[in-house]
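Asks: Dropping a structure here in C-alpha cells format, bear with me for questions.
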Amino acid sequence: MISEEQVNHIADLAKLKVEENEMKKYQQQLTDILTEIDKILNVEIQTTEIMISPSFNQNVYSEDNPENHISKEEAFKNAKRVKGDYIIVPKVIE
Amino acid sequence: MRYLDLDIKTINEKLKAKEIKPIDLVNEAFERIEKTNLNCFITLNKENAIKKALDLENKEVDNLLFGLPIAIKDNILTKNLKTTAASHILDDFIPIYDATVIKKINEKNMIIIGKTNMDEFAMGSTGETSYFKNTLNPWNKEVIPGGSSSGSASCVAARITPFSLGTDTGGSIRQPASFCGLVGLKPTYGRVSRYGVIAFASSLDQVGPITRNVYENALLLNAISGYDKNDLTSSKEVVPDFTALIGKNIKDLKIAVPNYYMSEVIDSEIRQNVSKIITLLKENGCTVDYIDIDYLEYAIPLYQVIALGEASSNLARYDGVRYGLKIDNYQNIDDLYKNTRTEGFGSEVKRRIMIGSYILSGENAQNYYYKALKVRKAMTDSFKDVLEKYDLIIGPTNTDVAYKLGTKQDDALKSFYDDLLTIPVNMAGLPALSLPIGFKNNLPIGMHIIGNYFEEDKIYQLASFIEKKLNLNTEPKEVE
C-alpha cells in the first residue's frame, strides 16, 4: 500500500488536495490502480517503435493568412473576475 | 401513434408532403422527455428548438435528416448553450463557439433537443460519475445504461430522439449502445473532427452516432464526417456514402474472431449468442476464423497509462482562472488551483488525473508511458496483420449485459474492466460498431464489429445483414 506521503505527493502533482477523511480510500484505490498498471512493465516486447497517435497525418501546417478570431469580450465571457483587458488572479510574485 | 416512431425515410416523406411539420417532432420529443423520467438530459434546448422548428417551416426539405430531433452529449460544445461535461467545475460554462460536428448538424437543419447526461468528463462506464443525477436505462430502471455516453444512449433507447451523438475514448459509445439495445459506432480516428469536443484523451477520443438502427447510423455518420482544418488529426480521406453497402450481399466476406474475445472472461450466455451469429454468417457464405491478436490481455493497464496520462494533461486547464468554477477561498495562486480543482472534480476524475500526473512525472514517464507506447504500437500492428487477411473482426461488445446501479462503486478498477473489449479498438484507432443481437434477462446483448481504417461502410454492410436476419424488437416496453 502506498503511504500517506505518497498520496499527498501524487495529489500535489495533479494540483489537488486530499482531505484527512479520504486518505485511507485514496491509499487503497491508488494502490489498486498502480498495481494494475505495473503489469505493463512486465510485458515482453521486441519492438523499439512507439505509437503516440493513430493519426496518419504528418506535418500539418496552416497557411499564414490572417483570419477572424474570437474577440476579447467573448473570450472573457466565462471568466469570473475581469478588469478591462485582464483577468484578475492572486499575486504570483513574492 | 407518434411520428418519431416511424423510420427516417417515412418521416422525411411526410415532412416533404407537409403532412407533418418539424414542430410536431419537437413537441413529441419534449412530451416524451416528461413522460419517461430517465435523467437523460443535463440541459434542455426547448426554446431554441421550437424556434428552429418554426423557422424550418419556410425552408425546403432538402435532406433525410432535415427537421429531425437530435440529442448531443454534454462534452460537445454548443454555442450559447450550457456545456458541462457533467462536471461541477463546468456547471455554468457557456461555450462561445460550436464544435465542428454541431456546425455540420446545423447545416443539415437537424434540431438539437438538449445536452445529454454522461459520466463526468467521459470518465466512467455507468453514467454514475455524473455530477448530476444517474441516467436510467429504459430497459430496466435498476440497471446502468452504460457510459460514458449514458444520456445519449438512454434517450435514443427511450425513443425520445431518433439520433444522438456520443464520444468514445475506450468504449463510451459502444458500451452504452450495447446496454441499451442500440447501434453505436466509433469512427476511425480522424474520420470525425474533434474540434470543440472537451478533451479527455486526445489520441483516443472520437465522436460518433448512436441510433435505433444501422441505416440511420450510417446516415448520421455521413453528416458529421470529413476533414476539418481546426483538428490537426482530422483526415483528408474521401468520405464515401456510408449507406452504400447496406443490404449488399455478404457472401465471401472474411471475418476474424479473436480467441480472447470468446474466452472465459466473457459470460457464457453472451458467447453463445455471438456463436449463433458466427454460424449464421458461415451459412451465408462468410469465412469465419478464430485468430489471435497480440497483447489484448494488457488492454486495461495500457489504457490506464495512455488515457490517464493524456487526461491529466488535458484537465490541467481547469484552474479557476479563465472559465469554470472558481473557489473564492485562497491564499495564493497554488491555493486557487488546488481548492478549485478539489471542489470541482468528482472522485473518479480526481483518481484518474492523480494517476495520470504520477505516471508522467520524472522517471515514470520513461518506465510507464514509453513502454505503453511500444505495447500500443505492437497491438496495433497485430490488428493490422489480421485486417490484411480479413475484412472484419467480430466478437461481443461487453463481457456481460448491464448490471445493477450502485454495484462495486468503491472498486477503482471496475469502470476500466467494463471496457476490456472496446479499449483495444481506440488504441489502434480503428472503427467499430455495437449492434444488438439478443437478450439475457430481458437486457440487450451487443455484438462488436471492428473494421479496417476508414472502412466503416463495410462494418455497416455486415451489421445491416445481421440486423435484417435477426429482426429483433429492440424497443424497450413502455418506460413511463
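Convention: chains lettered A, B, ... in C-alpha cells order; per-chain residue numbering from 1; ligands numbered from 1 as shown.
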Taking 2 positions as the minimum chain separation for residues in the same chain, which residues sit within 9 Å of stretch 75-91 of chain A when counting only C-alpha atoms? Answer as a list in words.

Replies: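 Within the cut-off, the hits are Ile70, Ser71, Lys72, Glu73, Ile93 and Glu94 of chain A; Asp92, Phe93, Ile94, Pro95, Ile96, Gly320, Val321, Arg322, Tyr323, Gly324, Leu325, Lys326, Tyr330, Gln331, Asn332, Ile333 and Leu336 of chain B.
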
Asks: Using only C-alpha atoms, which residues sit within 8 Å of stretch 52-58 of chain A once same-chain residues fewer than 2 positions away are excluded, as a PyMOL selection string?

Replies: (chain A and resi 50+60) or (chain B and resi 189-190+203-204+232-235+373+427-429)

Asks: Take the residues from that selection and write them out as a compact mmCIF listing (two decimals), in the first residue's frame, keeping C-alpha atoms.

Replies:
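Output file result.txt follows:
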# COMPACT_ATOMS: atom_id res chain seq x y z
CA ILE A 50 6.31 3.59 -30.44
CA VAL A 60 0.19 19.69 -40.69
CA TYR B 189 -9.64 8.06 -35.58
CA GLY B 190 -9.58 11.22 -37.71
CA SER B 203 -5.23 10.26 -29.13
CA LEU B 204 -8.26 8.06 -28.37
CA LEU B 232 -4.86 18.63 -36.91
CA THR B 233 -5.58 14.90 -36.56
CA SER B 234 -8.63 15.02 -38.83
CA SER B 235 -8.24 13.05 -42.04
CA LEU B 373 3.55 3.43 -26.39
CA MET B 427 -5.68 2.18 -29.07
CA ALA B 428 -5.37 1.16 -32.72
CA GLY B 429 -7.66 3.99 -33.95

Asks: Would you pick out the contacts of B:Gly181 at 10 Å or less, using only C-alpha atoms, so that residues sharing its chain but fewer than 5 positions from it are not included, and give the list as a list of chain:residue names?

Replies: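 Near B:Gly181, the qualifying residues are B:Pro138, B:Trp139, B:Pro145, B:Ala153, B:Ser154, B:Val156, B:Ala157, B:Pro176, B:Thr211, B:Arg212, B:Asn213, B:Ser434, B:Leu435, B:Pro436, B:Ile437, B:Gly438, B:Phe439, B:Leu443, B:Pro444, B:Ile445, B:Gly446, B:Leu472, B:Asn473, B:Thr474, B:Glu475, B:Pro476.
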
Asks: In Å, rounded to a single decimal, give me how far atom CA of B:Arg341 is from atom CA of B:Asp319.

Replies: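 Taking atom CA of B:Asp319 as the start and atom CA of B:Arg341 as the end point, the length is 6.7 Å.
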
Asks: Per DSSP on the backbone, what are the strand (DSSP E) residues of stretch 246-347 of chain B, as number ranges by chain?

Replies: B: 254-258, 287-291

Asks: Tell me, in Å to one decimal, how far atom CA of B:Met123 is from atom CA of B:Ser148.

Replies: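 Rounded to one decimal, the two atoms are 6.4 Å apart.
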
Asks: Give the answer as one residue: which of A:Glu20, A:Asp12, A:Glu4, A:Asp38 has the shortest atom-to-atom distance to B:Asn367, using only C-alpha atoms?

Replies: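 Among the listed residues, A:Asp38 lies closest to B:Asn367.
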
Asks: Excluding same-chain residues fewer than 6 positions from B:Gly344, what lies within 12 Å of it counting only C-alpha atoms, as a CSV table (one decimal) with C-alpha atoms, in the first residue's frame?

Replies:
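After the write, out02.csv holds the following:
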chain,number,residue,atom,x,y,z
A,15,LYS,CA,-2.9,20.2,-8.1
A,16,LEU,CA,-5.4,18.5,-5.8
A,17,LYS,CA,-5.8,18.3,-2.0
B,84,THR,CA,-20.8,21.0,-18.5
B,85,ALA,CA,-19.2,17.6,-19.3
B,86,ALA,CA,-21.3,16.6,-16.3
B,87,SER,CA,-18.8,18.3,-14.0
B,88,HIS,CA,-19.2,20.8,-11.2
B,89,ILE,CA,-16.1,22.5,-12.5
B,90,LEU,CA,-18.0,23.5,-15.7
B,91,ASP,CA,-21.6,23.6,-14.4
B,92,ASP,CA,-22.0,27.3,-15.5
B,120,GLU,CA,-18.0,13.3,-15.7
B,121,PHE,CA,-15.5,14.3,-18.4
B,131,TYR,CA,-22.2,15.5,-11.1
B,315,LEU,CA,-7.6,18.6,-17.5
B,318,TYR,CA,-9.3,23.7,-15.3
B,319,ASP,CA,-7.6,26.1,-12.9
B,320,GLY,CA,-10.4,28.5,-11.8
B,324,GLY,CA,-15.5,27.3,-15.0
B,325,LEU,CA,-15.7,27.1,-11.2
B,326,LYS,CA,-13.6,29.4,-9.1
B,327,ILE,CA,-13.4,29.0,-5.4
B,336,LEU,CA,-6.7,28.8,-6.0
B,337,TYR,CA,-5.8,26.0,-8.4
B,338,LYS,CA,-6.0,23.3,-5.7
B,350,LYS,CA,-9.6,13.0,-9.3

Asks: What's around A:Ile33 at 10 Å? Count only C-alpha atoms, leave out sequence neighbours fewer than 5 positions away in its own chain, and write the answer as a ChimeraX atom specification.

Replies: /A:28,38 /B:300-301,304,351-352,355,411-413,416

Asks: Could you take the residues named above and write them with C-alpha atoms, as a PDB file, in the first residue's frame?

Replies:
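Result file is part34.pdb:
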ATOM      1  CA  GLN A  28      -6.318   1.838  -1.308  1.00  0.00           C
ATOM      2  CA  ASP A  38       2.615  -2.314 -13.131  1.00  0.00           C
TER       3      ASP A  38
ATOM      4  CA  ILE B 300      -6.523  -2.254 -19.138  1.00  0.00           C
ATOM      5  CA  PRO B 301      -3.072  -1.224 -17.901  1.00  0.00           C
ATOM      6  CA  GLN B 304      -4.645   3.413 -17.744  1.00  0.00           C
ATOM      7  CA  ARG B 351      -8.324   9.475  -9.164  1.00  0.00           C
ATOM      8  CA  ARG B 352      -7.652   9.414 -12.876  1.00  0.00           C
ATOM      9  CA  ILE B 355      -2.640   8.511 -11.620  1.00  0.00           C
ATOM     10  CA  ASP B 411     -13.969  -0.525  -6.803  1.00  0.00           C
ATOM     11  CA  ALA B 412     -11.487   1.754  -8.554  1.00  0.00           C
ATOM     12  CA  LEU B 413     -10.847  -0.803 -11.309  1.00  0.00           C
ATOM     13  CA  PHE B 416     -11.868   0.033 -16.604  1.00  0.00           C
TER      14      PHE B 416
END

Asks: Name the residues in contact with stretch 31-47 of chain B at a cut-off of 8 Å, using only C-alpha atoms, excluding same-chain residues fewer than 4 positions from it; report them as number ranges by chain.

Replies: B: 27, 51, 74, 81-82, 86, 112-117, 132-138, 141, 150-152, 154-155, 158-160, 479-480

Asks: Since we have the selection now, will you write its residues out, keeping N, CA and C atoms, as a compact mmCIF listing (two decimals), in the first residue's frame?

Replies:
# COMPACT_ATOMS: atom_id res chain seq x y z
N ASN B 27 -42.23 18.76 -30.51
CA ASN B 27 -43.21 18.62 -29.43
C ASN B 27 -43.25 17.19 -28.91
N LYS B 51 -38.06 27.40 -31.76
CA LYS B 51 -37.83 28.49 -32.70
C LYS B 51 -37.28 27.95 -34.02
N ASP B 74 -23.00 16.06 -23.53
CA ASP B 74 -22.67 17.36 -22.95
C ASP B 74 -21.17 17.64 -22.83
N LEU B 81 -25.19 27.53 -25.51
CA LEU B 81 -25.97 26.50 -24.81
C LEU B 81 -25.03 25.80 -23.82
N LYS B 82 -25.39 25.90 -22.56
CA LYS B 82 -24.54 25.40 -21.46
C LYS B 82 -23.97 24.01 -21.76
N ALA B 86 -20.78 17.21 -17.54
CA ALA B 86 -21.32 16.59 -16.31
C ALA B 86 -20.42 16.82 -15.10
N ILE B 112 -31.48 20.45 -32.32
CA ILE B 112 -30.87 19.98 -31.06
C ILE B 112 -31.88 20.14 -29.92
N ILE B 113 -32.22 19.02 -29.31
CA ILE B 113 -33.24 18.99 -28.25
C ILE B 113 -32.61 19.31 -26.89
N GLY B 114 -31.36 18.87 -26.69
CA GLY B 114 -30.72 19.14 -25.41
C GLY B 114 -29.37 18.48 -25.33
N LYS B 115 -28.71 18.70 -24.19
CA LYS B 115 -27.38 18.17 -23.92
C LYS B 115 -27.51 17.01 -22.95
N THR B 116 -26.94 15.87 -23.34
CA THR B 116 -27.22 14.65 -22.58
C THR B 116 -26.28 14.42 -21.40
N ASN B 117 -26.85 13.76 -20.41
CA ASN B 117 -26.13 13.36 -19.21
C ASN B 117 -25.02 12.36 -19.58
N PHE B 132 -24.44 15.37 -11.91
CA PHE B 132 -25.89 15.46 -11.83
C PHE B 132 -26.44 14.07 -11.48
N LYS B 133 -27.70 13.82 -11.79
CA LYS B 133 -28.29 12.54 -11.38
C LYS B 133 -27.78 11.38 -12.22
N ASN B 134 -28.02 10.15 -11.73
CA ASN B 134 -27.74 8.96 -12.53
C ASN B 134 -28.69 8.92 -13.72
N THR B 135 -28.18 8.56 -14.88
CA THR B 135 -29.05 8.29 -16.03
C THR B 135 -29.65 6.91 -15.84
N LEU B 136 -30.92 6.74 -16.22
CA LEU B 136 -31.55 5.42 -16.07
C LEU B 136 -31.66 4.73 -17.43
N ASN B 137 -31.68 3.40 -17.37
CA ASN B 137 -31.79 2.58 -18.58
C ASN B 137 -33.26 2.26 -18.82
N PRO B 138 -33.80 2.62 -20.00
CA PRO B 138 -35.23 2.38 -20.24
C PRO B 138 -35.62 0.91 -20.27
N LYS B 141 -35.04 0.27 -15.02
CA LYS B 141 -34.51 1.45 -14.34
C LYS B 141 -33.57 1.12 -13.18
N SER B 150 -24.06 7.98 -21.41
CA SER B 150 -25.24 7.35 -20.81
C SER B 150 -26.54 7.99 -21.31
N GLY B 151 -26.62 9.31 -21.27
CA GLY B 151 -27.84 10.00 -21.67
C GLY B 151 -28.10 9.89 -23.17
N SER B 152 -27.03 9.91 -23.96
CA SER B 152 -27.18 9.80 -25.41
C SER B 152 -27.77 8.44 -25.78
N SER B 154 -29.54 6.32 -23.50
CA SER B 154 -30.85 6.18 -22.86
C SER B 154 -31.93 6.92 -23.64
N CYS B 155 -31.59 8.10 -24.13
CA CYS B 155 -32.58 8.93 -24.81
C CYS B 155 -33.02 8.34 -26.15
N ALA B 158 -35.14 5.16 -25.34
CA ALA B 158 -36.49 5.51 -24.90
C ALA B 158 -37.29 6.17 -26.02
N ARG B 159 -36.72 6.25 -27.20
CA ARG B 159 -37.36 6.83 -28.38
C ARG B 159 -37.75 8.29 -28.16
N ILE B 160 -36.90 9.01 -27.39
CA ILE B 160 -37.11 10.45 -27.23
C ILE B 160 -36.65 11.16 -28.50
N VAL B 479 -41.83 2.78 -20.80
CA VAL B 479 -40.96 3.08 -19.66
C VAL B 479 -41.60 4.08 -18.69
N GLU B 480 -42.80 4.55 -19.03
CA GLU B 480 -43.40 5.56 -18.14
C GLU B 480 -43.69 4.98 -16.76

Asks: If we count only C-alpha atoms, what is near A:Leu13 at a cut-off of 8 Å, once residues fewer than 5 positions away on the same chain are taken out, given as JSON, numbers by chain?

Replies: {"B": [354, 357, 358]}
